[in-house]
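> Below is the structure I would like to discuss, written out as structure tokens.
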There are 2 protein chains.
Amino acid sequence: MTIMLDANGITIDREVDLTVAGGCVSAESCRSVCATCRVRLYAVCSAMSDEDIADLERLSHHIELAQRAPLFMAGDLARSVYTVTSGSLRLQRDLADGRRQIIGFALPGDFIGLSPDAAYSFSADALVPTSLCQFDRAQFTALSRARQPLLERLYDAATHELKIAQEHMVVLGRRRAEERVASFLLRWRERLARINGKSATVALPMGRQDMADHLGLTIETVSRILARWMRERIILDVPGGVRVIDPERLSAMLLD
Amino acid sequence: MTIMLDANGITIDREVDLTVAGGCVSAESCRSVCATCRVRLYAVCSAMSDEDIADLERLSHHIELAQRAPLFMAGDLARSVYTVTSGSLRLQRDLADGRRQIIGFALPGDFIGLSPDAAYSFSADALVPTSLCQFDRAQFTALSRARQPLLERLYDAATHELKIAQEHMVVLGRRRAEERVASFLLRWRERLARINGKSATVALPMGRQDMADHLGLTIETVSRILARWMRERIILDVPGGVRVIDPERLSAMLLD
DNA sequence: GAGCGGCTTTGATCAGGATCAAGCCGCGCG
DNA sequence: CGCGCGGCTTGATCCTGATCAAAGCCGCTC
């Protein structure tokens with residue numbers, strides 16, 4: 001199945017343009033160009049003035065990941081931090097017996113690397129072809145000490161992520177299966193809306209198993225719940241995602 | 001049941017001393033004295049030099065909470081931030097139908113108020129008689145802008161909390177009941193060890209229902225698991241907590 | 001010390017979601 | 001075109017942990 005992110009405005013063409021604009025032939029790693037960056041205004045980079053952004057740009061490398069390609073693995077030495085510029089990633093922790101918890105999905109504008117340790121505590125890989133802005137972690141940390149607004153934005157990002165995580169704990173600890181899926185679908189829709197604007201069509205670049213592993217359910221349970229909602233005309237099956245016909249019915253399931 | 005924190009070295013006598021040292025008669029709210037503060041070295045305050053700490057002290061108020069007393073409720077305007085100096089609190093989110101998720105417990109040295117919003121997103125109340133250092137949130141934020149090391153420590157605290165939260169998501173999403181309780185007991189033991197030093201005796205100031213609401217289980221399940229472990233001599237019942245006889249058996253349950 | 005209330009334990013039964021097991025569908029490929 | 005493969009759906013059954021119910025324990029107060 002090819003995820004049609006184009007249908008939702010997250011095209012990767014734009015990134016290819018960026019690459020060309022930077023005068024970079026290799027798609028592997030080259031300087032990014034902040035001036036034309038689509039996520040500049042809502043990523044942590046928004047802390048940088050037009051003058052200071054040059055310092056940030058000097059540290060940056062534009063990288064592209066093919067679908068399914070890993071960005072890093074849990075336990076790897078955390079040498080880099082990243083800002084997602086297009087595409088999406090899944091962030092997960094694995095238990096040795098195969099059980100998996102997806103702790104979150106990263107979308108354009110998200111910062112990856114709010115980690116206190118020398119090693120990554122989770123793995124990250126691309127759900128779809130994805131591009132990121134990569135920074136050397138030590139240099140980035142040094143810059144954040146020199147440019148306080150950047151540090152403040154990092155702090156904001158961390159507290160925001162923390163709040164999201166706490167909300168997800170409620171979902172995992174106290175919500176029933178149907179509520180979990182409803183919560184996920186509505187939140188995911190909100191996140192996409194902030195990036196592409198409101199739309200009834202919700203792209204789901206992750207598979208059913210990924211949703212299940214995010215929600216603490218099995219793939220069968222997720223599949224059955226979505227199938228029922230389709231029968232009940234709450235959602236509509238569209239390639240690469242769903243169309244939310246009746247968001248109120250979903251919200252009603254969460255009315256604590 | 002009276003929680004005997006004295007048995008674990010977290011006495012509240014010390015705090016009463018502090019109050020006296022500050023020349024404060026009302027136990028309700030008075031200036032704190034950082035110089036003699038027991039958590040000074042591992043709280044966010046450790047970012048402050050001896051000279052700068054005076055600025056922090058000027059913003060601080062020492063407050064005491066009786067057992068069960070609320071610090072704030074979810075939805076309240078977040079006017080203050082806090083550092084716990086003794087005792088412990090539970091931080092929880094409630095659903096309207098009575099379901100509860102305890103998102104964490106706060107212990108001495110912990111900072112409360114890493115919230116991005118104007119309102120608190122969870123409620124906090126004291127499990128035992130507890131004392132805290134209270135700061136006006138706006139003033140504290142202003143000080144953190146003026147004293148970068150403080151901001152850096154806040155950032156560290158936020159990323160640390162985030163990591164804890166992500167680990168707890170794995171517990172809630174993918175661990176079975178017994179594993180959840182084992183994980184909780186071992187982590188809680190570790191946290192107490194960092195404060196009071198290692199000890200086989202683990203104080204449990206929270207009730208069974210609180211553990212259940214933290215772990216996404218019912219009180220009956222938690223009770224049954226602990227009862228079984230006592231029968232199997234993995235733990236021993238002691239007033240106000242348990243003694244961990246065989247921590248390896250517990251760790252073995254988590255061997256991913 | 002009887003009575004009470006809050007919390008915990010223990011037992012019996014239930015059910016939500018997991019597990020097991022096919023089958024289906026779309027797609028790439030020989 | 002037939003085949004295989006990966007991801008998804010659907011059905012049957014099972015089981016872990018929830019729910020329901022009752023009793024126990026302990027510290028209060030009167």
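In the structure tokens, each chain is lettered A, B, ... as it comes, each chain's residues begin at 1, and ligands are numbered from 1 in order of appearance.
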Give me, as a list of chain:residue names, all polymer residues having an atom no more than 9 Å from B:Leu132, counting only C-alpha atoms (C1' of nucleotides) and skipping those fewer than 4 positions away in the same chain.
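Returned residues: B:His61, B:His62, B:Ile63, B:Glu64, B:Leu65, B:Tyr82, B:Thr83, B:Val84, B:Thr85, B:Ser86, B:Gly87, B:Pro108.
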> Quick one: residues within 10 Å of B:Leu127, only C-alpha atoms (C1' of nucleotides), excluding same-chain residues fewer than 6 positions away - as a PyMOL selection string?
chain B and resi 3+65-70+87-90+105-106+204-207+210
> With C-alpha atoms kept, could you save the residues just selected as a CSV table (one decimal), in the first residue's frame?

chain,number,residue,atom,x,y,z
B,3,ILE,CA,2.4,6.0,57.4
B,65,LEU,CA,0.2,20.2,53.7
B,66,ALA,CA,-1.7,17.8,56.0
B,67,GLN,CA,-2.2,14.2,54.9
B,68,ARG,CA,-4.8,14.1,52.1
B,69,ALA,CA,-4.7,17.9,51.7
B,70,PRO,CA,-4.9,19.0,48.0
B,87,GLY,CA,6.7,14.0,52.3
B,88,SER,CA,5.1,12.8,49.1
B,89,LEU,CA,2.2,13.6,46.8
B,90,ARG,CA,0.1,11.9,44.2
B,105,PHE,CA,4.0,10.4,42.7
B,106,ALA,CA,6.2,13.3,43.8
B,204,LEU,CA,4.5,2.7,50.5
B,205,PRO,CA,2.7,5.9,51.6
B,206,MET,CA,0.1,5.3,48.9
B,207,GLY,CA,-2.8,2.9,49.3
B,210,ASP,CA,-3.5,4.4,44.4
> For chain A, list the residues within 9 Å of chain C, counting only C-alpha atoms (C1' of nucleotides), and write the list as an mmCIF file with C-alpha atoms, in the first residue's frame.

data_model
loop_
_atom_site.group_PDB
_atom_site.id
_atom_site.type_symbol
_atom_site.label_atom_id
_atom_site.label_comp_id
_atom_site.auth_asym_id
_atom_site.auth_seq_id
_atom_site.Cartn_x
_atom_site.Cartn_y
_atom_site.Cartn_z
ATOM 1 C CA MET A 1 0.000 0.000 0.000
ATOM 2 C CA ARG A 176 -11.538 0.795 27.098
ATOM 3 C CA ALA A 177 -10.588 -0.416 23.633
ATOM 4 C CA LEU A 217 -4.339 -3.353 21.982
ATOM 5 C CA THR A 218 -4.062 -6.171 19.421
ATOM 6 C CA GLU A 220 -7.583 -7.703 15.678
ATOM 7 C CA THR A 221 -9.238 -5.411 18.193
#
> Can you work out which residues from chain B touch chain A at a cut-off of 10 Å (counting only C-alpha atoms) and hand them back as a compact mmCIF listing (two decimals) with N, CA and C atoms, in the first residue's frame?

# COMPACT_ATOMS: atom_id res chain seq x y z
N GLN B 92 -2.69 13.17 39.77
CA GLN B 92 -3.69 12.34 39.08
C GLN B 92 -4.59 13.12 38.14
N ARG B 93 -5.10 12.38 37.16
CA ARG B 93 -6.11 12.90 36.25
C ARG B 93 -7.37 12.09 36.47
N ASP B 94 -8.51 12.75 36.46
CA ASP B 94 -9.78 12.07 36.70
C ASP B 94 -10.66 12.13 35.47
N LEU B 95 -11.36 11.04 35.20
CA LEU B 95 -12.42 11.06 34.20
C LEU B 95 -13.73 11.30 34.95
N ALA B 96 -14.71 11.84 34.25
CA ALA B 96 -15.95 12.24 34.92
C ALA B 96 -16.69 11.06 35.53
N ASP B 97 -16.50 9.86 34.98
CA ASP B 97 -17.23 8.71 35.51
C ASP B 97 -16.52 8.06 36.69
N GLY B 98 -15.47 8.70 37.21
CA GLY B 98 -14.83 8.18 38.40
C GLY B 98 -13.52 7.45 38.14
N ARG B 99 -13.28 7.08 36.88
CA ARG B 99 -12.01 6.43 36.60
C ARG B 99 -10.89 7.44 36.83
N ARG B 100 -9.78 6.94 37.29
CA ARG B 100 -8.66 7.78 37.69
C ARG B 100 -7.37 7.23 37.14
N GLN B 101 -6.46 8.08 36.74
CA GLN B 101 -5.12 7.62 36.43
C GLN B 101 -4.15 8.44 37.25
N ILE B 102 -3.37 7.77 38.05
CA ILE B 102 -2.32 8.47 38.77
C ILE B 102 -1.12 8.52 37.85
N ILE B 103 -0.77 9.73 37.42
CA ILE B 103 0.30 9.84 36.43
C ILE B 103 1.67 9.83 37.08
N GLY B 104 1.70 9.98 38.40
CA GLY B 104 2.98 9.88 39.09
C GLY B 104 2.87 10.25 40.55
N GLY B 113 5.17 21.44 38.33
CA GLY B 113 4.76 22.63 37.61
C GLY B 113 5.42 22.74 36.24
N LEU B 114 5.90 21.61 35.73
CA LEU B 114 6.45 21.58 34.38
C LEU B 114 5.29 21.52 33.40
N SER B 115 4.45 22.54 33.45
CA SER B 115 3.23 22.52 32.66
C SER B 115 3.27 23.63 31.63
N PRO B 116 2.88 23.33 30.40
CA PRO B 116 2.96 24.36 29.37
C PRO B 116 1.76 25.31 29.39
N ASP B 117 0.70 24.94 30.09
CA ASP B 117 -0.53 25.72 30.00
C ASP B 117 -0.76 26.62 31.21
N SER B 121 -3.01 20.55 34.51
CA SER B 121 -3.71 19.50 33.76
C SER B 121 -3.97 18.28 34.64
N PHE B 122 -3.49 18.32 35.86
CA PHE B 122 -3.75 17.21 36.79
C PHE B 122 -3.90 17.78 38.19
N SER B 144 14.00 32.35 35.74
CA SER B 144 14.66 31.33 34.91
C SER B 144 15.18 31.94 33.61
N ARG B 145 14.55 33.03 33.18
CA ARG B 145 15.06 33.72 31.99
C ARG B 145 16.32 34.51 32.33
N ALA B 146 16.35 35.02 33.54
CA ALA B 146 17.49 35.84 33.95
C ALA B 146 18.67 34.98 34.38
N GLN B 148 20.20 31.61 33.48
CA GLN B 148 20.13 30.50 32.54
C GLN B 148 20.37 29.12 33.15
N PRO B 149 21.29 29.00 34.11
CA PRO B 149 21.49 27.66 34.69
C PRO B 149 20.20 27.07 35.26
N LEU B 151 17.17 27.66 34.06
CA LEU B 151 16.41 27.21 32.90
C LEU B 151 16.94 25.86 32.40
N GLU B 152 18.25 25.73 32.41
CA GLU B 152 18.85 24.47 31.96
C GLU B 152 18.44 23.31 32.87
N ARG B 153 18.38 23.57 34.16
CA ARG B 153 17.96 22.52 35.09
C ARG B 153 16.49 22.18 34.90
N LEU B 154 15.68 23.18 34.58
CA LEU B 154 14.27 22.93 34.31
C LEU B 154 14.12 22.06 33.07
N TYR B 155 14.92 22.38 32.07
CA TYR B 155 14.91 21.59 30.84
C TYR B 155 15.31 20.14 31.13
N ASP B 156 16.36 19.99 31.93
CA ASP B 156 16.78 18.64 32.32
C ASP B 156 15.65 17.91 33.04
N ALA B 157 15.01 18.62 33.97
CA ALA B 157 13.92 18.00 34.73
C ALA B 157 12.80 17.56 33.81
N ALA B 158 12.49 18.41 32.82
CA ALA B 158 11.39 18.09 31.90
C ALA B 158 11.73 16.87 31.04
N THR B 159 12.95 16.81 30.50
CA THR B 159 13.31 15.66 29.67
C THR B 159 13.40 14.39 30.52
N HIS B 160 13.82 14.54 31.76
CA HIS B 160 13.86 13.39 32.65
C HIS B 160 12.45 12.87 32.91
N GLU B 161 11.53 13.75 33.23
CA GLU B 161 10.14 13.37 33.46
C GLU B 161 9.55 12.73 32.22
N LEU B 162 9.93 13.27 31.06
CA LEU B 162 9.42 12.73 29.80
C LEU B 162 9.86 11.28 29.62
N LYS B 163 11.10 11.03 29.94
CA LYS B 163 11.61 9.66 29.80
C LYS B 163 10.88 8.71 30.75
N ILE B 164 10.68 9.16 31.98
CA ILE B 164 9.93 8.36 32.96
C ILE B 164 8.54 8.06 32.42
N ALA B 165 7.91 9.08 31.85
CA ALA B 165 6.55 8.92 31.32
C ALA B 165 6.53 7.91 30.18
N GLN B 166 7.54 7.97 29.32
CA GLN B 166 7.59 7.04 28.20
C GLN B 166 7.79 5.61 28.69
N GLU B 167 8.60 5.46 29.73
CA GLU B 167 8.79 4.13 30.29
C GLU B 167 7.48 3.61 30.89
N HIS B 168 6.74 4.51 31.51
CA HIS B 168 5.49 4.08 32.12
C HIS B 168 4.46 3.70 31.06
N MET B 169 4.54 4.33 29.89
CA MET B 169 3.65 3.95 28.79
C MET B 169 3.86 2.49 28.40
N VAL B 170 5.10 2.05 28.41
CA VAL B 170 5.37 0.65 28.09
C VAL B 170 4.72 -0.25 29.13
N VAL B 171 4.84 0.14 30.39
CA VAL B 171 4.24 -0.64 31.47
C VAL B 171 2.73 -0.73 31.29
N LEU B 172 2.11 0.42 31.01
CA LEU B 172 0.65 0.45 30.89
C LEU B 172 0.16 -0.23 29.61
N GLY B 173 0.95 -0.10 28.56
CA GLY B 173 0.47 -0.61 27.27
C GLY B 173 0.78 -2.07 27.03
N ARG B 174 1.90 -2.55 27.56
CA ARG B 174 2.37 -3.88 27.15
C ARG B 174 2.74 -4.84 28.25
N ARG B 175 2.67 -4.41 29.51
CA ARG B 175 3.05 -5.32 30.60
C ARG B 175 1.82 -6.01 31.19
N ALA B 212 -3.06 0.72 42.17
CA ALA B 212 -3.88 0.21 41.07
C ALA B 212 -4.14 1.31 40.04
N ASP B 213 -4.48 2.49 40.51
CA ASP B 213 -4.79 3.58 39.59
C ASP B 213 -3.54 4.11 38.89
N HIS B 214 -2.39 3.83 39.43
CA HIS B 214 -1.15 4.19 38.75
C HIS B 214 -0.82 3.15 37.67
N LEU B 215 -1.16 1.90 37.95
CA LEU B 215 -0.74 0.79 37.09
C LEU B 215 -1.81 0.32 36.12
N GLY B 216 -2.97 0.98 36.12
CA GLY B 216 -4.04 0.56 35.23
C GLY B 216 -4.63 -0.78 35.61
N LEU B 217 -4.69 -1.07 36.91
CA LEU B 217 -5.24 -2.33 37.41
C LEU B 217 -6.35 -2.03 38.40
N LEU B 254 10.71 -9.00 34.84
CA LEU B 254 10.77 -7.91 33.86
C LEU B 254 11.76 -8.20 32.75
N LEU B 255 12.48 -9.31 32.86
CA LEU B 255 13.49 -9.61 31.85
C LEU B 255 12.80 -9.74 30.51
N ASP B 256 12.77 -8.66 29.82
CA ASP B 256 12.11 -8.52 28.52
C ASP B 256 12.43 -9.69 27.62
> Write out the coordinates of chain A as a CSV table (one decimal) with C-alpha atoms, in the first residue's frame after a least-squares overlay onto chain B built on all ordered Cα pairs.

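Ended up saving to superposed.csv:
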chain,number,residue,atom,x,y,z
A,1,MET,CA,-3.0,3.6,59.2
A,2,THR,CA,-0.2,6.0,60.0
A,3,ILE,CA,2.6,6.0,57.4
A,4,MET,CA,5.8,5.8,59.3
A,5,LEU,CA,8.1,7.8,57.1
A,6,ASP,CA,10.4,8.1,60.1
A,7,ALA,CA,11.4,4.5,59.5
A,8,ASN,CA,12.8,5.6,56.2
A,9,GLY,CA,14.5,8.8,57.2
A,10,ILE,CA,12.0,11.2,55.7
A,11,THR,CA,11.1,12.9,59.0
A,12,ILE,CA,9.1,16.0,59.0
A,13,ASP,CA,10.7,17.2,62.2
A,14,ARG,CA,13.5,18.7,60.0
A,15,GLU,CA,10.9,20.9,58.2
A,16,VAL,CA,9.6,22.2,61.5
A,17,ASP,CA,13.1,23.2,62.3
A,18,LEU,CA,13.4,25.0,59.0
A,19,THR,CA,10.3,26.9,59.8
A,20,VAL,CA,11.7,28.0,63.1
A,21,ALA,CA,15.0,28.9,61.5
A,22,GLY,CA,13.2,31.2,59.1
A,23,GLY,CA,11.7,33.0,62.0
A,24,CYS,CA,8.3,32.1,60.8
A,25,VAL,CA,5.5,31.5,63.3
A,26,SER,CA,2.7,30.6,60.9
A,27,ALA,CA,3.1,27.1,59.4
A,28,GLU,CA,0.9,28.2,56.5
A,29,SER,CA,3.2,30.2,54.4
A,30,CYS,CA,6.5,31.9,55.1
A,31,ARG,CA,9.9,32.4,53.4
A,32,SER,CA,12.0,29.2,53.0
A,33,VAL,CA,15.6,29.0,54.0
A,34,CYS,CA,17.6,27.5,51.1
A,35,ALA,CA,20.9,27.3,53.0
A,36,THR,CA,19.6,24.6,55.3
A,37,CYS,CA,17.3,22.9,52.7
A,38,ARG,CA,17.7,19.2,52.6
A,39,VAL,CA,16.8,18.9,48.9
A,40,ARG,CA,18.9,21.9,47.8
A,41,LEU,CA,21.5,19.8,46.1
A,42,TYR,CA,19.3,17.7,44.0
A,43,ALA,CA,16.3,19.9,43.3
A,44,VAL,CA,16.2,22.4,40.4
A,45,CYS,CA,17.7,24.8,42.9
A,46,SER,CA,21.0,23.1,42.6
A,47,ALA,CA,21.5,25.3,39.5
A,48,MET,CA,21.8,28.4,41.7
A,49,SER,CA,25.1,29.6,43.1
A,50,ASP,CA,25.3,30.5,46.7
A,51,GLU,CA,25.0,34.2,45.7
A,52,ASP,CA,22.1,33.7,43.3
A,53,ILE,CA,20.2,31.5,45.6
A,54,ALA,CA,19.2,34.6,47.6
A,55,ASP,CA,17.1,35.7,44.6
A,56,LEU,CA,15.3,32.3,44.5
A,57,GLU,CA,14.8,32.4,48.3
A,58,ARG,CA,13.2,35.8,48.0
A,59,LEU,CA,10.5,34.3,45.8
A,60,SER,CA,9.9,31.2,47.9
A,61,HIS,CA,7.3,30.4,50.5
A,62,HIS,CA,7.4,27.4,52.7
A,63,ILE,CA,4.1,25.6,52.8
A,64,GLU,CA,2.9,22.5,54.6
A,65,LEU,CA,0.1,20.2,53.7
A,66,ALA,CA,-1.7,17.8,56.0
A,67,GLN,CA,-2.2,14.2,54.9
A,68,ARG,CA,-4.8,14.1,52.1
A,69,ALA,CA,-4.8,17.9,51.7
A,70,PRO,CA,-4.9,19.0,48.0
A,71,LEU,CA,-2.2,21.2,46.6
A,72,PHE,CA,-4.2,22.1,43.5
A,73,MET,CA,-6.9,20.7,41.3
A,74,ALA,CA,-6.8,20.0,37.6
A,75,GLY,CA,-8.2,23.1,35.8
A,76,ASP,CA,-7.0,25.5,38.5
A,77,LEU,CA,-5.2,28.5,37.2
A,78,ALA,CA,-1.5,27.5,37.5
A,79,ARG,CA,-0.2,30.4,39.6
A,80,SER,CA,2.5,28.6,41.4
A,81,VAL,CA,5.2,26.0,40.9
A,82,TYR,CA,6.7,23.9,43.7
A,83,THR,CA,9.6,21.9,44.9
A,84,VAL,CA,8.9,19.1,47.3
A,85,THR,CA,11.0,19.2,50.4
A,86,SER,CA,9.5,16.4,52.5
A,87,GLY,CA,6.7,14.0,52.3
A,88,SER,CA,5.0,12.8,49.1
A,89,LEU,CA,2.2,13.6,46.8
A,90,ARG,CA,0.1,11.9,44.2
A,91,LEU,CA,-0.5,13.5,40.8
A,92,GLN,CA,-3.7,12.4,39.1
A,93,ARG,CA,-6.1,12.9,36.2
A,94,ASP,CA,-9.8,12.1,36.7
A,95,LEU,CA,-12.4,11.1,34.2
A,96,ALA,CA,-15.9,12.3,34.9
A,97,ASP,CA,-17.2,8.7,35.5
A,98,GLY,CA,-14.8,8.2,38.4
A,99,ARG,CA,-12.0,6.4,36.6
A,100,ARG,CA,-8.7,7.8,37.7
A,101,GLN,CA,-5.1,7.6,36.4
A,102,ILE,CA,-2.3,8.5,38.8
A,103,ILE,CA,0.3,9.9,36.4
A,104,GLY,CA,3.0,9.9,39.1
A,105,PHE,CA,4.0,10.4,42.7
A,106,ALA,CA,6.2,13.3,43.8
A,107,LEU,CA,9.0,12.9,46.3
A,108,PRO,CA,11.4,15.3,48.0
A,109,GLY,CA,13.5,17.1,45.4
A,110,ASP,CA,10.8,16.8,42.7
A,111,PHE,CA,9.7,19.8,40.9
A,112,ILE,CA,5.9,20.3,40.3
A,113,GLY,CA,4.8,22.6,37.6
A,114,LEU,CA,6.5,21.6,34.4
A,115,SER,CA,3.3,22.5,32.7
A,116,PRO,CA,3.0,24.3,29.4
A,117,ASP,CA,-0.5,25.7,30.0
A,118,ALA,CA,-2.1,28.4,32.1
A,119,ALA,CA,-4.1,25.8,34.0
A,120,TYR,CA,-2.9,22.6,35.8
A,121,SER,CA,-3.7,19.5,33.8
A,122,PHE,CA,-3.7,17.2,36.8
A,123,SER,CA,-4.6,17.4,40.5
A,124,ALA,CA,-2.0,17.0,43.3
A,125,ASP,CA,-2.6,16.1,46.9
A,126,ALA,CA,-0.5,15.0,49.8
A,127,LEU,CA,-0.2,11.3,50.7
A,128,VAL,CA,1.3,12.1,54.0
A,129,PRO,CA,2.1,15.4,55.8
A,130,THR,CA,4.2,17.2,53.2
A,131,SER,CA,6.2,20.4,52.9
A,132,LEU,CA,7.0,22.2,49.8
A,133,CYS,CA,8.7,25.3,48.6
A,134,GLN,CA,6.3,27.4,46.7
A,135,PHE,CA,7.1,30.0,44.0
A,136,ASP,CA,5.0,32.4,42.1
A,137,ARG,CA,5.0,30.9,38.6
A,138,ALA,CA,5.4,34.2,36.7
A,139,GLN,CA,8.3,35.3,39.0
A,140,PHE,CA,9.9,31.9,38.7
A,141,THR,CA,9.7,32.0,35.0
A,142,ALA,CA,11.2,35.4,34.9
A,143,LEU,CA,14.0,34.3,37.2
A,144,SER,CA,14.7,31.3,34.9
A,145,ARG,CA,15.1,33.7,32.0
A,146,ALA,CA,17.5,35.8,34.0
A,147,ARG,CA,19.5,32.9,35.4
A,148,GLN,CA,20.2,30.5,32.6
A,149,PRO,CA,21.5,27.6,34.7
A,150,LEU,CA,18.0,27.4,36.3
A,151,LEU,CA,16.4,27.2,32.9
A,152,GLU,CA,18.9,24.5,32.0
A,153,ARG,CA,18.0,22.5,35.1
A,154,LEU,CA,14.3,22.9,34.3
A,155,TYR,CA,14.9,21.6,30.9
A,156,ASP,CA,16.8,18.6,32.3
A,157,ALA,CA,13.9,18.0,34.8
A,158,ALA,CA,11.4,18.1,31.9
A,159,THR,CA,13.3,15.7,29.7
A,160,HIS,CA,13.9,13.4,32.7
A,161,GLU,CA,10.2,13.4,33.5
A,162,LEU,CA,9.4,12.7,29.8
A,163,LYS,CA,11.6,9.7,29.8
A,164,ILE,CA,9.9,8.4,33.0
A,165,ALA,CA,6.6,8.9,31.3
A,166,GLN,CA,7.6,7.0,28.2
A,167,GLU,CA,8.8,4.1,30.3
A,168,HIS,CA,5.5,4.1,32.1
A,169,MET,CA,3.7,4.0,28.8
A,170,VAL,CA,5.4,0.7,28.1
A,171,VAL,CA,4.2,-0.6,31.5
A,172,LEU,CA,0.7,0.5,30.9
A,173,GLY,CA,0.5,-0.6,27.3
A,174,ARG,CA,2.4,-3.9,27.1
A,175,ARG,CA,3.1,-5.3,30.6
A,176,ARG,CA,0.9,-7.9,32.3
A,177,ALA,CA,-0.5,-7.3,35.8
A,178,GLU,CA,2.3,-9.0,37.7
A,179,GLU,CA,5.0,-7.3,35.7
A,180,ARG,CA,3.4,-3.9,36.3
A,181,VAL,CA,3.5,-4.4,40.1
A,182,ALA,CA,7.1,-5.6,40.0
A,183,SER,CA,8.1,-2.7,37.8
A,184,PHE,CA,6.4,-0.3,40.2
A,185,LEU,CA,7.9,-1.8,43.4
A,186,LEU,CA,11.5,-1.8,41.9
A,187,ARG,CA,11.3,1.7,40.6
A,188,TRP,CA,9.8,3.1,43.7
A,189,ARG,CA,12.5,1.4,45.8
A,190,GLU,CA,15.1,3.0,43.5
A,191,ARG,CA,13.6,6.4,44.0
A,192,LEU,CA,13.6,6.1,47.7
A,193,ALA,CA,17.1,4.8,47.6
A,194,ARG,CA,18.3,7.9,45.9
A,195,ILE,CA,16.8,10.0,48.7
A,196,ASN,CA,17.5,7.9,51.8
A,197,GLY,CA,20.1,5.4,50.7
A,198,LYS,CA,19.6,1.8,49.9
A,199,SER,CA,17.2,-0.2,52.1
A,200,ALA,CA,15.3,-3.4,51.8
A,201,THR,CA,12.4,-1.8,53.5
A,202,VAL,CA,10.3,0.1,51.0
A,203,ALA,CA,7.8,2.7,52.4
A,204,LEU,CA,4.5,2.7,50.5
A,205,PRO,CA,2.7,5.9,51.6
A,206,MET,CA,0.1,5.3,48.9
A,207,GLY,CA,-2.8,2.9,49.3
A,208,ARG,CA,-3.6,-0.2,47.2
A,209,GLN,CA,-6.1,1.8,45.2
A,210,ASP,CA,-3.5,4.4,44.4
A,211,MET,CA,-1.1,1.7,43.2
A,212,ALA,CA,-3.9,0.2,41.1
A,213,ASP,CA,-4.8,3.6,39.6
A,214,HIS,CA,-1.2,4.2,38.8
A,215,LEU,CA,-0.7,0.8,37.1
A,216,GLY,CA,-4.0,0.6,35.2
A,217,LEU,CA,-5.2,-2.3,37.4
A,218,THR,CA,-7.9,-2.9,40.0
A,219,ILE,CA,-7.3,-2.9,43.8
A,220,GLU,CA,-8.2,-6.6,43.9
A,221,THR,CA,-5.5,-7.5,41.4
A,222,VAL,CA,-2.8,-5.5,43.2
A,223,SER,CA,-3.8,-7.0,46.5
A,224,ARG,CA,-3.8,-10.5,45.2
A,225,ILE,CA,-0.4,-10.1,43.6
A,226,LEU,CA,1.2,-8.7,46.7
A,227,ALA,CA,-0.5,-11.4,48.9
A,228,ARG,CA,1.0,-14.1,46.6
A,229,TRP,CA,4.4,-12.5,46.8
A,230,MET,CA,4.2,-12.5,50.6
A,231,ARG,CA,3.2,-16.2,50.6
A,232,GLU,CA,6.2,-16.9,48.3
A,233,ARG,CA,8.5,-14.9,50.6
A,234,ILE,CA,9.5,-12.5,47.8
A,235,ILE,CA,8.4,-9.6,50.0
A,236,LEU,CA,7.5,-9.2,53.7
A,237,ASP,CA,4.6,-7.2,55.1
A,238,VAL,CA,5.9,-4.3,57.3
A,239,PRO,CA,3.7,-1.5,58.7
A,240,GLY,CA,3.5,1.3,56.1
A,241,GLY,CA,5.3,-0.6,53.4
A,242,VAL,CA,7.0,-3.9,52.5
A,243,ARG,CA,10.4,-5.4,52.9
A,244,VAL,CA,11.8,-6.7,49.6
A,245,ILE,CA,13.4,-10.0,50.4
A,246,ASP,CA,14.1,-11.2,46.9
A,247,PRO,CA,14.5,-8.3,44.5
A,248,GLU,CA,16.0,-10.7,41.9
A,249,ARG,CA,12.7,-12.6,41.6
A,250,LEU,CA,11.1,-9.3,40.9
A,251,SER,CA,13.7,-8.2,38.3
A,252,ALA,CA,13.4,-11.6,36.7
A,253,MET,CA,9.7,-10.9,36.0
A,254,LEU,CA,10.8,-7.9,33.9
A,255,LEU,CA,13.5,-9.6,31.9
A,256,ASP,CA,12.0,-8.6,28.6
> What are the DSSP helix (DSSP H, G or I) residues of stretch 7-253 of chain A, as a PyMOL selection string?
chain A and resi 7-8+13-21+34-36+44-47+53-59+137-146+148-174+177-196+208-215+219-231+247-253
> Can you work out which residues from chain D touch chain A at a cut-off of 10 Å (counting only C-alpha atoms (C1' of nucleotides)) and hand them back as a compact mmCIF listing (two decimals) with C-alpha atoms (C1' of nucleotides), in the first residue's frame?

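Below you can see out_14.txt, which holds the result:
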# COMPACT_ATOMS: atom_id res chain seq x y z
C1' DG D 6 2.20 -8.92 3.61
C1' DG D 7 -1.28 -6.64 5.70
C1' DC D 8 -5.99 -6.76 7.01
C1' DT D 9 -10.46 -8.84 8.29
C1' DT D 10 -13.46 -12.11 10.38
